[in-house]
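Enquirer: mmCIF, C-alpha atoms, file input.cif:
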data_query
#
loop_
_atom_site.label_atom_id
_atom_site.label_comp_id
_atom_site.auth_asym_id
_atom_site.auth_seq_id
_atom_site.Cartn_x
_atom_site.Cartn_y
_atom_site.Cartn_z
CA MET A 1 -6.00 13.02 108.04
CA GLN A 2 -7.94 10.98 105.43
CA TYR A 3 -5.92 12.60 102.62
CA LEU A 4 -2.65 11.14 104.00
CA PRO A 5 -1.12 8.00 102.47
CA GLY A 6 -1.87 4.97 104.69
CA SER A 7 1.74 4.27 105.63
CA ILE A 8 2.26 7.86 106.83
CA LYS A 9 -0.96 7.84 108.83
CA ASP A 10 0.01 4.49 110.33
CA LEU A 11 3.41 5.67 111.56
CA ILE A 12 1.96 8.93 112.94
CA ASN A 13 -0.52 6.83 114.95
CA HIS A 14 2.28 4.70 116.39
CA PHE A 15 4.34 7.75 117.39
CA THR A 16 1.27 9.38 118.96
CA LYS A 17 0.90 6.42 121.33
CA LEU A 18 4.31 7.18 122.89
CA PRO A 19 4.35 9.21 126.12
CA GLY A 20 4.98 12.94 125.62
CA ILE A 21 4.50 12.82 121.84
CA GLY A 22 1.38 14.57 120.57
CA PRO A 23 -0.10 14.39 117.06
CA LYS A 24 1.93 17.40 115.88
CA SER A 25 5.30 15.99 117.01
CA ALA A 26 4.28 12.60 115.63
CA GLY A 27 3.72 14.21 112.22
CA ARG A 28 7.03 16.04 112.39
CA LEU A 29 8.94 12.84 113.30
CA THR A 30 7.25 10.86 110.51
CA TYR A 31 7.98 13.49 107.84
CA TYR A 32 11.54 13.78 109.15
CA LEU A 33 12.01 10.03 108.61
CA LEU A 34 10.58 10.35 105.08
CA THR A 35 13.60 12.50 104.21
CA LYS A 36 16.10 9.93 105.57
CA PRO A 37 17.73 7.12 103.54
CA ASP A 38 15.69 3.90 103.29
CA HIS A 39 18.24 1.79 105.18
CA ASP A 40 18.24 4.16 108.19
CA VAL A 41 14.47 3.89 108.51
CA ASP A 42 14.66 0.11 107.98
CA ASP A 43 17.30 -0.21 110.71
CA PHE A 44 15.09 1.76 113.09
CA GLY A 45 12.20 -0.59 112.30
CA LYS A 46 14.36 -3.64 112.82
CA ALA A 47 15.62 -2.24 116.14
CA LEU A 48 12.00 -2.12 117.31
CA ILE A 49 11.17 -5.62 116.09
CA ASN A 50 14.34 -7.02 117.71
CA LEU A 51 13.94 -5.04 120.94
CA LYS A 52 12.44 -7.82 123.02
CA LYS A 53 13.53 -10.85 120.97
CA LYS A 54 16.58 -11.73 123.07
CA LEU A 55 15.57 -10.02 126.32
CA GLN A 56 14.80 -11.79 129.54
CA TYR A 57 14.83 -10.83 133.20
CA CYS A 58 18.17 -11.30 134.96
CA HIS A 59 17.76 -14.32 137.25
CA ASN A 60 19.46 -12.43 140.03
CA CYS A 61 18.28 -8.79 139.98
CA HIS A 62 15.31 -9.00 137.53
CA ASN A 63 16.55 -6.14 135.37
CA TYR A 64 16.42 -6.64 131.57
CA ALA A 65 19.25 -8.84 130.35
CA GLU A 66 20.33 -10.70 127.23
CA GLU A 67 21.87 -13.51 129.28
CA LYS A 68 20.61 -15.31 132.37
CA ILE A 69 22.65 -12.93 134.51
CA CYS A 70 22.78 -9.25 133.51
CA ARG A 71 26.02 -7.36 132.89
CA ILE A 72 25.83 -5.52 136.20
CA CYS A 73 25.35 -8.67 138.31
CA ALA A 74 28.06 -10.46 136.28
CA ASN A 75 30.57 -7.64 136.70
CA PRO A 76 33.22 -8.70 139.26
CA LYS A 77 34.10 -5.05 139.92
CA ARG A 78 30.69 -4.35 141.47
CA ASN A 79 30.17 -4.70 145.20
CA PRO A 80 27.72 -7.60 145.85
CA ALA A 81 27.32 -6.63 149.51
CA ILE A 82 25.08 -3.68 148.62
CA ILE A 83 21.74 -4.01 146.84
CA CYS A 84 19.78 -0.99 145.70
CA VAL A 85 16.07 -1.82 145.45
CA VAL A 86 14.26 0.07 142.69
CA GLU A 87 10.75 0.05 141.26
CA GLN A 88 11.53 -0.10 137.54
CA PRO A 89 14.40 -0.93 135.14
CA LEU A 90 14.52 2.74 134.09
CA ASP A 91 15.48 3.65 137.67
CA VAL A 92 18.67 1.63 137.15
CA VAL A 93 19.53 3.82 134.15
CA ALA A 94 19.15 6.93 136.34
CA ILE A 95 21.24 5.55 139.22
CA GLU A 96 23.97 4.24 136.88
CA LYS A 97 24.74 7.91 136.09
CA THR A 98 25.89 8.36 139.70
CA ASN A 99 28.99 6.54 140.99
CA TYR A 100 26.95 3.83 142.74
CA ASN A 101 28.90 0.58 142.54
CA GLY A 102 26.68 -2.04 144.18
CA LEU A 103 24.04 -4.30 142.62
CA TYR A 104 20.32 -3.75 142.07
CA HIS A 105 17.02 -5.46 142.67
CA VAL A 106 14.16 -4.46 140.35
CA LEU A 107 10.72 -4.87 141.95
CA HIS A 108 8.76 -4.26 138.71
CA GLY A 109 6.18 -2.18 140.52
CA VAL A 110 5.16 -0.95 143.96
CA LEU A 111 2.53 -2.08 146.41
CA THR A 112 -0.73 -0.50 145.22
CA PRO A 113 -3.64 -2.10 147.07
CA ILE A 114 -6.33 -0.11 145.24
CA GLU A 115 -5.09 -1.59 141.96
CA GLY A 116 -4.77 -5.01 143.53
CA ILE A 117 -0.98 -5.05 143.35
CA GLY A 118 0.20 -6.92 146.43
CA PRO A 119 3.61 -8.27 147.54
CA GLU A 120 3.13 -11.42 145.41
CA HIS A 121 3.11 -9.30 142.22
CA LEU A 122 6.56 -7.88 142.92
CA THR A 123 9.91 -9.67 143.01
CA LEU A 124 9.98 -9.55 146.83
CA GLU A 125 10.40 -13.32 147.33
CA ASN A 126 13.46 -13.25 145.06
CA LEU A 127 14.83 -10.39 147.13
CA ARG A 128 14.37 -12.43 150.31
CA GLN A 129 16.26 -15.34 148.73
CA ARG A 130 19.10 -13.06 147.67
CA VAL A 131 19.42 -11.60 151.16
CA ASN A 132 19.37 -15.10 152.69
CA ASN A 133 21.75 -16.76 150.23
CA GLN A 134 24.16 -14.01 149.25
CA PRO A 135 26.64 -11.96 151.32
CA VAL A 136 24.38 -8.90 151.43
CA GLU A 137 25.24 -6.28 154.05
CA GLU A 138 23.11 -3.32 153.03
CA LEU A 139 19.80 -2.76 151.24
CA ILE A 140 19.32 0.75 149.87
CA ILE A 141 15.62 1.22 149.24
CA ALA A 142 15.27 3.60 146.31
CA THR A 143 11.52 3.45 145.68
CA ASN A 144 9.94 6.74 144.62
CA PRO A 145 9.28 9.34 147.34
CA ASN A 146 5.49 9.05 147.15
CA LEU A 147 2.77 7.19 149.02
CA GLU A 148 3.17 3.81 147.27
CA GLY A 149 6.96 4.05 147.30
CA GLU A 150 6.99 4.78 151.02
CA ALA A 151 4.57 1.95 151.78
CA THR A 152 6.71 -0.47 149.78
CA ALA A 153 9.84 0.71 151.60
CA ILE A 154 8.22 0.10 154.97
CA TYR A 155 7.03 -3.35 153.84
CA ILE A 156 10.60 -4.29 152.85
CA GLN A 157 11.99 -2.98 156.14
CA ASN A 158 9.53 -5.23 157.99
CA MET A 159 10.41 -8.23 155.80
CA PHE A 160 14.00 -8.08 157.02
CA LYS A 161 13.53 -6.85 160.58
CA ASN A 162 14.99 -10.11 161.95
CA ASN A 163 17.94 -10.13 159.58
CA ASP A 164 21.31 -8.66 160.50
CA LEU A 165 21.10 -6.19 157.64
CA LYS A 166 21.63 -2.46 157.27
CA ILE A 167 18.57 -0.98 155.56
CA THR A 168 18.74 2.58 154.28
CA ARG A 169 16.52 4.86 152.25
CA LEU A 170 17.67 7.47 149.71
CA ALA A 171 17.92 10.88 151.38
CA GLN A 172 15.02 13.26 150.87
CA GLY A 173 15.60 16.98 150.79
CA LEU A 174 16.21 19.90 148.50
CA PRO A 175 17.13 19.04 144.92
CA ILE A 176 20.42 20.66 143.83
CA GLY A 177 20.06 23.86 141.84
CA THR A 178 16.64 24.93 143.08
CA ASP A 179 15.71 27.88 145.24
CA LEU A 180 14.54 27.28 148.79
CA GLU A 181 11.50 29.48 148.17
CA TYR A 182 10.23 27.13 145.46
CA ALA A 183 10.49 23.96 147.57
CA ASP A 184 7.15 22.52 148.71
CA GLU A 185 6.55 22.22 152.44
CA ILE A 186 6.88 18.41 152.60
CA THR A 187 10.28 18.49 150.87
CA LEU A 188 11.38 21.33 153.13
CA SER A 189 10.25 19.44 156.26
CA LYS A 190 12.18 16.37 155.07
CA ALA A 191 15.23 18.55 154.50
CA PHE A 192 15.01 19.77 158.11
CA GLU A 193 14.57 16.24 159.46
CA GLY A 194 17.51 14.95 157.43
CA ARG A 195 19.89 17.81 158.25
CA LYS A 196 23.41 16.77 159.10
CA MET B 1 25.62 2.68 128.72
CA GLN B 2 27.86 -0.40 128.31
CA TYR B 3 25.84 -2.27 130.95
CA LEU B 4 22.68 -2.03 128.81
CA PRO B 5 21.53 -4.98 126.68
CA GLY B 6 22.47 -4.41 123.01
CA SER B 7 18.90 -4.24 121.72
CA ILE B 8 17.96 -1.54 124.26
CA LYS B 9 21.07 0.51 123.47
CA ASP B 10 20.34 0.15 119.76
CA LEU B 11 16.79 1.48 120.01
CA ILE B 12 17.85 4.35 122.29
CA ASN B 13 20.40 5.35 119.62
CA HIS B 14 17.74 5.35 116.92
CA PHE B 15 15.36 7.49 118.99
CA THR B 16 18.17 9.92 119.83
CA LYS B 17 18.68 10.63 116.11
CA LEU B 18 15.15 12.05 115.85
CA PRO B 19 14.74 15.82 116.08
CA GLY B 20 13.81 17.09 119.54
CA ILE B 21 14.51 13.76 121.29
CA GLY B 22 17.51 13.76 123.62
CA PRO B 23 19.19 10.73 125.22
CA LYS B 24 16.95 10.95 128.30
CA SER B 25 13.67 10.97 126.34
CA ALA B 26 15.06 8.23 124.07
CA GLY B 27 15.64 6.06 127.15
CA ARG B 28 12.18 6.78 128.48
CA LEU B 29 10.55 5.89 125.14
CA THR B 30 12.54 2.66 124.84
CA TYR B 31 11.70 1.50 128.37
CA TYR B 32 8.08 2.46 127.78
CA LEU B 33 8.00 0.17 124.73
CA LEU B 34 9.55 -2.64 126.79
CA THR B 35 6.39 -2.66 128.91
CA LYS B 36 4.08 -2.92 125.88
CA PRO B 37 2.82 -6.18 124.29
CA ASP B 38 5.16 -7.72 121.70
CA HIS B 39 2.74 -7.29 118.81
CA ASP B 40 2.35 -3.54 119.46
CA VAL B 41 6.12 -3.05 119.28
CA ASP B 42 6.30 -5.31 116.20
CA ASP B 43 3.56 -3.31 114.48
CA PHE B 44 5.46 -0.09 115.20
CA GLY B 45 8.59 -1.63 113.67
CA LYS B 46 6.68 -2.81 110.60
CA ALA B 47 5.12 0.64 110.20
CA LEU B 48 8.64 2.07 109.95
CA ILE B 49 9.85 -0.58 107.50
CA ASN B 50 6.74 -0.13 105.34
CA LEU B 51 6.77 3.67 105.55
CA LYS B 52 8.37 4.32 102.19
CA LYS B 53 7.69 0.99 100.45
CA LYS B 54 4.62 2.12 98.51
CA LEU B 55 5.25 5.88 98.52
CA GLN B 56 5.99 7.96 95.45
CA TYR B 57 5.60 11.61 94.57
CA CYS B 58 2.21 12.59 93.16
CA HIS B 59 2.74 13.20 89.43
CA ASN B 60 0.69 16.36 89.69
CA CYS B 61 1.56 18.16 92.96
CA HIS B 62 4.67 16.22 94.06
CA ASN B 63 3.35 15.54 97.55
CA TYR B 64 3.81 11.99 98.94
CA ALA B 65 1.25 9.61 97.47
CA GLU B 66 0.52 5.89 97.28
CA GLU B 67 -0.90 6.20 93.76
CA LYS B 68 0.32 8.20 90.75
CA ILE B 69 -2.05 10.98 91.75
CA CYS B 70 -2.45 11.83 95.44
CA ARG B 71 -5.77 11.84 97.25
CA ILE B 72 -5.97 15.63 97.30
CA CYS B 73 -5.37 16.04 93.55
CA ALA B 74 -7.76 13.16 92.85
CA ASN B 75 -10.53 14.60 95.00
CA PRO B 76 -13.26 16.06 92.73
CA LYS B 77 -14.50 18.28 95.58
CA ARG B 78 -11.26 20.32 95.62
CA ASN B 79 -10.99 23.48 93.53
CA PRO B 80 -8.33 22.92 90.81
CA ALA B 81 -8.29 26.63 89.92
CA ILE B 82 -6.25 27.46 93.03
CA ILE B 83 -2.77 26.09 93.72
CA CYS B 84 -1.00 26.71 97.01
CA VAL B 85 2.78 26.46 96.54
CA VAL B 86 4.61 25.10 99.59
CA GLU B 87 8.20 24.19 100.41
CA GLN B 88 7.69 20.77 102.02
CA PRO B 89 5.07 18.00 102.33
CA LEU B 90 4.71 18.81 106.05
CA ASP B 91 3.43 22.29 105.09
CA VAL B 92 0.48 20.55 103.41
CA VAL B 93 -0.36 18.89 106.74
CA ALA B 94 -0.38 22.30 108.44
CA ILE B 95 -2.54 23.96 105.78
CA GLU B 96 -4.99 21.03 105.62
CA LYS B 97 -6.00 21.98 109.17
CA THR B 98 -7.46 25.25 107.81
CA ASN B 99 -10.46 25.21 105.49
CA TYR B 100 -8.34 25.67 102.33
CA ASN B 101 -9.99 23.76 99.50
CA GLY B 102 -7.66 24.19 96.50
CA LEU B 103 -4.75 22.02 95.38
CA TYR B 104 -1.04 22.16 96.28
CA HIS B 105 2.33 22.20 94.63
CA VAL B 106 5.26 20.94 96.73
CA LEU B 107 8.59 22.49 95.74
CA HIS B 108 10.70 20.14 97.91
CA GLY B 109 12.98 22.98 98.97
CA VAL B 110 13.65 26.67 98.44
CA LEU B 111 16.20 28.55 96.39
CA THR B 112 19.38 28.58 98.48
CA PRO B 113 22.28 29.77 96.29
CA ILE B 114 24.91 29.36 99.02
CA GLU B 115 24.04 25.66 99.25
CA GLY B 116 23.91 25.37 95.46
CA ILE B 117 20.14 24.81 95.38
CA GLY B 118 18.91 26.51 92.20
CA PRO B 119 15.55 26.50 90.38
CA GLU B 120 16.43 23.22 88.63
CA HIS B 121 16.51 21.43 92.01
CA LEU B 122 12.90 22.36 92.80
CA THR B 123 9.70 21.25 91.06
CA LEU B 124 9.36 24.65 89.34
CA GLU B 125 9.22 23.28 85.78
CA ASN B 126 6.37 21.00 86.80
CA LEU B 127 4.60 24.02 88.27
CA ARG B 128 5.02 25.89 84.98
CA GLN B 129 3.48 22.95 83.09
CA ARG B 130 0.55 22.80 85.50
CA VAL B 131 -0.13 26.51 85.09
CA ASN B 132 0.09 26.22 81.29
CA ASN B 133 -1.96 23.04 80.90
CA GLN B 134 -4.51 23.23 83.70
CA PRO B 135 -7.31 25.76 84.40
CA VAL B 136 -5.31 27.53 87.13
CA GLU B 137 -6.56 30.97 88.16
CA GLU B 138 -4.62 31.68 91.33
CA LEU B 139 -1.26 30.73 92.81
CA ILE B 140 -0.98 31.23 96.56
CA ILE B 141 2.70 31.26 97.42
CA ALA B 142 3.06 29.85 100.93
CA THR B 143 6.85 29.60 101.24
CA ASN B 144 8.21 30.39 104.69
CA PRO B 145 8.46 34.07 105.74
CA ASN B 146 12.28 34.14 105.70
CA LEU B 147 15.01 35.18 103.24
CA GLU B 148 15.01 32.02 101.11
CA GLY B 149 11.24 31.76 101.18
CA GLU B 150 10.88 35.37 100.05
CA ALA B 151 13.47 34.95 97.27
CA THR B 152 11.67 31.84 96.02
CA ALA B 153 8.32 33.66 96.10
CA ILE B 154 9.75 36.51 94.00
CA TYR B 155 11.30 34.01 91.57
CA ILE B 156 7.90 32.34 91.08
CA GLN B 157 6.18 35.70 90.60
CA ASN B 158 8.69 36.51 87.84
CA MET B 159 8.22 33.09 86.20
CA PHE B 160 4.55 33.85 85.62
CA LYS B 161 4.64 37.60 85.03
CA ASN B 162 3.39 37.14 81.43
CA ASN B 163 0.60 34.74 82.43
CA ASP B 164 -2.92 35.92 83.16
CA LEU B 165 -2.71 34.59 86.71
CA LYS B 166 -3.53 35.98 90.12
CA ILE B 167 -0.49 35.47 92.36
CA THR B 168 -0.87 36.02 96.09
CA ARG B 169 1.30 35.54 99.15
CA LEU B 170 0.13 34.45 102.61
CA ALA B 171 -0.50 37.48 104.82
CA GLN B 172 2.24 38.42 107.25
CA GLY B 173 1.39 40.03 110.56
CA LEU B 174 0.71 39.32 114.18
CA PRO B 175 0.09 35.70 115.11
CA ILE B 176 -3.23 35.21 116.93
CA GLY B 177 -2.99 35.01 120.71
CA THR B 178 0.29 36.86 121.17
CA ASP B 179 0.85 40.22 122.80
CA LEU B 180 1.82 43.19 120.66
CA GLU B 181 4.73 43.95 122.97
CA TYR B 182 6.35 40.59 122.22
CA ALA B 183 6.19 40.96 118.41
CA ASP B 184 9.55 41.57 116.73
CA GLU B 185 9.91 44.77 114.71
CA ILE B 186 9.84 43.12 111.27
CA THR B 187 6.59 41.31 112.04
CA LEU B 188 5.13 44.52 113.44
CA SER B 189 6.18 46.51 110.33
CA LYS B 190 4.58 43.84 108.13
CA ALA B 191 1.42 44.06 110.23
CA PHE B 192 1.30 47.83 109.59
CA GLU B 193 1.92 47.40 105.86
CA GLY B 194 -0.77 44.74 105.56
CA ARG B 195 -3.41 46.56 107.64
CA LYS B 196 -6.90 46.50 106.21
#
Now that the file is in, can you turn its structure into structure tokens?

Expert:
Amino acid sequence: MQYLPGSIKDLINHFTKLPGIGPKSAGRLTYYLLTKPDHDVDDFGKALINLKKKLQYCHNCHNYAEEKICRICANPKRNPAIICVVEQPLDVVAIEKTNYNGLYHVLHGVLTPIEGIGPEHLTLENLRQRVNNQPVEELIIATNPNLEGEATAIYIQNMFKNNDLKITRLAQGLPIGTDLEYADEITLSKAFEGRK
Amino acid sequence: MQYLPGSIKDLINHFTKLPGIGPKSAGRLTYYLLTKPDHDVDDFGKALINLKKKLQYCHNCHNYAEEKICRICANPKRNPAIICVVEQPLDVVAIEKTNYNGLYHVLHGVLTPIEGIGPEHLTLENLRQRVNNQPVEELIIATNPNLEGEATAIYIQNMFKNNDLKITRLAQGLPIGTDLEYADEITLSKAFEGRK
């Protein structure tokens, strides 16, 4: 690498830090950009520098927003009686591809005692305030189907056990398009439990 | 996508333009960067903006360089008697991973008559001058093993047919680590022709 011009080496290093991009892809992306017009590459650079400049957390759901209240929370066509609780902002992107029409609450993590992440590190207090002060009828807990996600879901269920609130969990079962024979035994057991 | 903050949408769009990165990966990369410290993201942006600022083509081999003469051409430990002719700067990156110790000549393309790319669009005249004015003993033509690459290789061979110059072509045959049964018939024929 020492034969490479500094600016090329520098950009390859930055690309290599991204998840799923190895040194070879990083080189290919950098040399691809070298063939593009200057203003395209400049705009890309500016997009990175401006990425976080105007961003804040929505005061209601804690997703990324450019205003105090994000576009989903501010949208009068969304149903404020349903809140879908997710771990990360990227989960909102995934769920927005379905026809879900309620609001969200972004926890920014899950309970992970071995890493010292307790309830106070998540936006759980804000969730409690929303449930108490807003006309919420249902919480859909959409944490990931793994140990930490399950533990967090149970914690939230306990938080609101005295509230008159419907609390649901995303269904677990067979993903669409797979073969039964490839499903692992836990998924298959969950699919039996959840049969309807 | 209209619910996304402008700066997030903007960066996703830029990532999506890169080869091999679809909208889903672009989203993942953007949200990954949102979790990183501001100065890391800023540095990445600056690396893009500075990418081409100081770059020029090496006056000798036409690879990217920060000075008039690139680090490979300027390196006294390299053998100037051998020139490896490649299509693109990225080919140099690939070959530098081998123990090749000669110099390069970057054509910046291949002869492609149907797209109107003729000899005058490549750095062929510069190659002729190098061969005439420098102590070159061997040209290794490392254009890609496809129609245009082959045509360009033959064109270069003809250019220097009156010079006292060894002209070689990279060997074609079976790639290491594959199974014979998966090789296509042209590769297999070339492997027979080139047996030694």

Enquirer: Which one of B:Pro5, B:Gly27, B:Gly177, B:Gly45 sits closest to Val93 in chain A if you count all atoms listed in the file?

Expert: B:Gly27

Enquirer: Taking only C-alpha atoms into account, find every residue of chain A that has an atom no more than 6 Å from chain B, and write it out as a PyMOL selection string.

Expert: chain A and resi 3+5+7+11+14+42+44-45+47-49+51+65-66+71

Enquirer: Identify which of the residues B:Asn163, B:Gly22, B:Arg78, B:Lys196 lies closest to Asn99 in chain B, counting only C-alpha atoms when measuring atom-to-atom distances.

Expert: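 Result for the nearest residue to Asn99 in chain B: B:Arg78.
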
Enquirer: So how many Å separate CA of Cys84 in chain B and CA of Leu139 in chain B, to one decimal?

Expert: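 We find that CA of Cys84 in chain B and CA of Leu139 in chain B lie 5.8 Å from each other.
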
Enquirer: Any idea what the distance is between CA of Pro135 in chain B and CA of Pro80 in chain B?

Expert: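 Atom-to-atom, CA of Pro135 in chain B and CA of Pro80 in chain B are spaced 7.1 Å apart.
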
Enquirer: Report, in Å to a single decimal, how far apart CA of Ala153 in chain A and CA of Cys61 in chain A are.

Expert: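 Separation of CA of Cys61 in chain A and CA of Ala153 in chain A: 17.2 Å.
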
Enquirer: For the PyMOL selection byres ((chain B and resi 110-127) around 12), applied here, can you spell out every residue it catches as a PyMOL selection string?

Expert: chain B and resi 57-63+83-88+103-109+128-134+136+139+141-160

Enquirer: Please, could all heavy atoms be added to range 100-109 of chain B and the result written as a PDB file, keeping the file's coordinate frame?

Expert:
ATOM      1  N   TYR B 100      -8.802  25.509 103.719  1.00  0.00           N
ATOM      2  CA  TYR B 100      -8.340  25.670 102.330  1.00  0.00           C
ATOM      3  C   TYR B 100      -8.851  24.495 101.493  1.00  0.00           C
ATOM      4  O   TYR B 100      -8.790  23.343 101.912  1.00  0.00           O
ATOM      5  CB  TYR B 100      -6.805  25.694 102.307  1.00  0.00           C
ATOM      6  CG  TYR B 100      -6.230  25.734 100.906  1.00  0.00           C
ATOM      7  CD1 TYR B 100      -6.383  26.868 100.117  1.00  0.00           C
ATOM      8  CD2 TYR B 100      -5.539  24.649 100.377  1.00  0.00           C
ATOM      9  CE1 TYR B 100      -5.862  26.910  98.829  1.00  0.00           C
ATOM     10  CE2 TYR B 100      -5.013  24.679  99.103  1.00  0.00           C
ATOM     11  CZ  TYR B 100      -5.188  25.815  98.325  1.00  0.00           C
ATOM     12  OH  TYR B 100      -4.674  25.853  97.052  1.00  0.00           O
ATOM     13  N   ASN B 101      -9.347  24.798 100.311  1.00  0.00           N
ATOM     14  CA  ASN B 101      -9.990  23.760  99.500  1.00  0.00           C
ATOM     15  C   ASN B 101      -9.408  23.631  98.091  1.00  0.00           C
ATOM     16  O   ASN B 101      -9.961  22.960  97.228  1.00  0.00           O
ATOM     17  CB  ASN B 101     -11.493  24.029  99.440  1.00  0.00           C
ATOM     18  CG  ASN B 101     -12.248  22.842  98.913  1.00  0.00           C
ATOM     19  OD1 ASN B 101     -11.904  21.710  99.241  1.00  0.00           O
ATOM     20  ND2 ASN B 101     -13.243  23.078  98.073  1.00  0.00           N
ATOM     21  N   GLY B 102      -8.278  24.310  97.829  1.00  0.00           N
ATOM     22  CA  GLY B 102      -7.660  24.190  96.500  1.00  0.00           C
ATOM     23  C   GLY B 102      -6.670  23.038  96.464  1.00  0.00           C
ATOM     24  O   GLY B 102      -6.696  22.151  97.308  1.00  0.00           O
ATOM     25  N   LEU B 103      -5.790  23.053  95.483  1.00  0.00           N
ATOM     26  CA  LEU B 103      -4.750  22.020  95.380  1.00  0.00           C
ATOM     27  C   LEU B 103      -3.416  22.583  95.878  1.00  0.00           C
ATOM     28  O   LEU B 103      -3.342  23.737  96.318  1.00  0.00           O
ATOM     29  CB  LEU B 103      -4.626  21.558  93.920  1.00  0.00           C
ATOM     30  CG  LEU B 103      -5.902  21.001  93.281  1.00  0.00           C
ATOM     31  CD1 LEU B 103      -5.615  20.485  91.873  1.00  0.00           C
ATOM     32  CD2 LEU B 103      -6.523  19.909  94.139  1.00  0.00           C
ATOM     33  N   TYR B 104      -2.375  21.755  95.811  1.00  0.00           N
ATOM     34  CA  TYR B 104      -1.040  22.160  96.280  1.00  0.00           C
ATOM     35  C   TYR B 104      -0.015  21.973  95.187  1.00  0.00           C
ATOM     36  O   TYR B 104      -0.252  21.270  94.196  1.00  0.00           O
ATOM     37  CB  TYR B 104      -0.626  21.306  97.480  1.00  0.00           C
ATOM     38  CG  TYR B 104      -1.463  21.556  98.705  1.00  0.00           C
ATOM     39  CD1 TYR B 104      -2.563  20.756  98.987  1.00  0.00           C
ATOM     40  CD2 TYR B 104      -1.153  22.599  99.571  1.00  0.00           C
ATOM     41  CE1 TYR B 104      -3.346  20.993 100.097  1.00  0.00           C
ATOM     42  CE2 TYR B 104      -1.926  22.841 100.693  1.00  0.00           C
ATOM     43  CZ  TYR B 104      -3.018  22.035 100.945  1.00  0.00           C
ATOM     44  OH  TYR B 104      -3.788  22.272 102.045  1.00  0.00           O
ATOM     45  N   HIS B 105       1.150  22.573  95.412  1.00  0.00           N
ATOM     46  CA  HIS B 105       2.330  22.200  94.630  1.00  0.00           C
ATOM     47  C   HIS B 105       3.522  22.209  95.597  1.00  0.00           C
ATOM     48  O   HIS B 105       3.820  23.240  96.200  1.00  0.00           O
ATOM     49  CB  HIS B 105       2.570  23.163  93.473  1.00  0.00           C
ATOM     50  CG  HIS B 105       3.584  22.621  92.517  1.00  0.00           C
ATOM     51  ND1 HIS B 105       3.258  21.731  91.521  1.00  0.00           N
ATOM     52  CD2 HIS B 105       4.927  22.795  92.430  1.00  0.00           C
ATOM     53  CE1 HIS B 105       4.350  21.398  90.851  1.00  0.00           C
ATOM     54  NE2 HIS B 105       5.377  22.026  91.390  1.00  0.00           N
ATOM     55  N   VAL B 106       4.152  21.056  95.769  1.00  0.00           N
ATOM     56  CA  VAL B 106       5.260  20.940  96.730  1.00  0.00           C
ATOM     57  C   VAL B 106       6.585  21.139  96.001  1.00  0.00           C
ATOM     58  O   VAL B 106       6.921  20.380  95.084  1.00  0.00           O
ATOM     59  CB  VAL B 106       5.225  19.561  97.431  1.00  0.00           C
ATOM     60  CG1 VAL B 106       6.345  19.471  98.459  1.00  0.00           C
ATOM     61  CG2 VAL B 106       3.873  19.322  98.095  1.00  0.00           C
ATOM     62  N   LEU B 107       7.316  22.162  96.404  1.00  0.00           N
ATOM     63  CA  LEU B 107       8.590  22.490  95.740  1.00  0.00           C
ATOM     64  C   LEU B 107       9.719  21.552  96.151  1.00  0.00           C
ATOM     65  O   LEU B 107      10.694  21.404  95.427  1.00  0.00           O
ATOM     66  CB  LEU B 107       8.998  23.930  96.098  1.00  0.00           C
ATOM     67  CG  LEU B 107       8.082  25.051  95.602  1.00  0.00           C
ATOM     68  CD1 LEU B 107       8.553  26.387  96.182  1.00  0.00           C
ATOM     69  CD2 LEU B 107       8.085  25.102  94.070  1.00  0.00           C
ATOM     70  N   HIS B 108       9.618  20.956  97.336  1.00  0.00           N
ATOM     71  CA  HIS B 108      10.700  20.140  97.910  1.00  0.00           C
ATOM     72  C   HIS B 108      11.975  20.955  98.091  1.00  0.00           C
ATOM     73  O   HIS B 108      13.074  20.527  97.724  1.00  0.00           O
ATOM     74  CB  HIS B 108      10.966  18.889  97.070  1.00  0.00           C
ATOM     75  CG  HIS B 108       9.866  17.888  97.191  1.00  0.00           C
ATOM     76  ND1 HIS B 108       9.727  17.083  98.290  1.00  0.00           N
ATOM     77  CD2 HIS B 108       8.827  17.609  96.375  1.00  0.00           C
ATOM     78  CE1 HIS B 108       8.641  16.332  98.135  1.00  0.00           C
ATOM     79  NE2 HIS B 108       8.085  16.634  96.998  1.00  0.00           N
ATOM     80  N   GLY B 109      11.820  22.132  98.678  1.00  0.00           N
ATOM     81  CA  GLY B 109      12.980  22.980  98.970  1.00  0.00           C
ATOM     82  C   GLY B 109      12.700  24.431  98.631  1.00  0.00           C
ATOM     83  O   GLY B 109      11.578  24.792  98.254  1.00  0.00           O
TER      84      GLY B 109
END
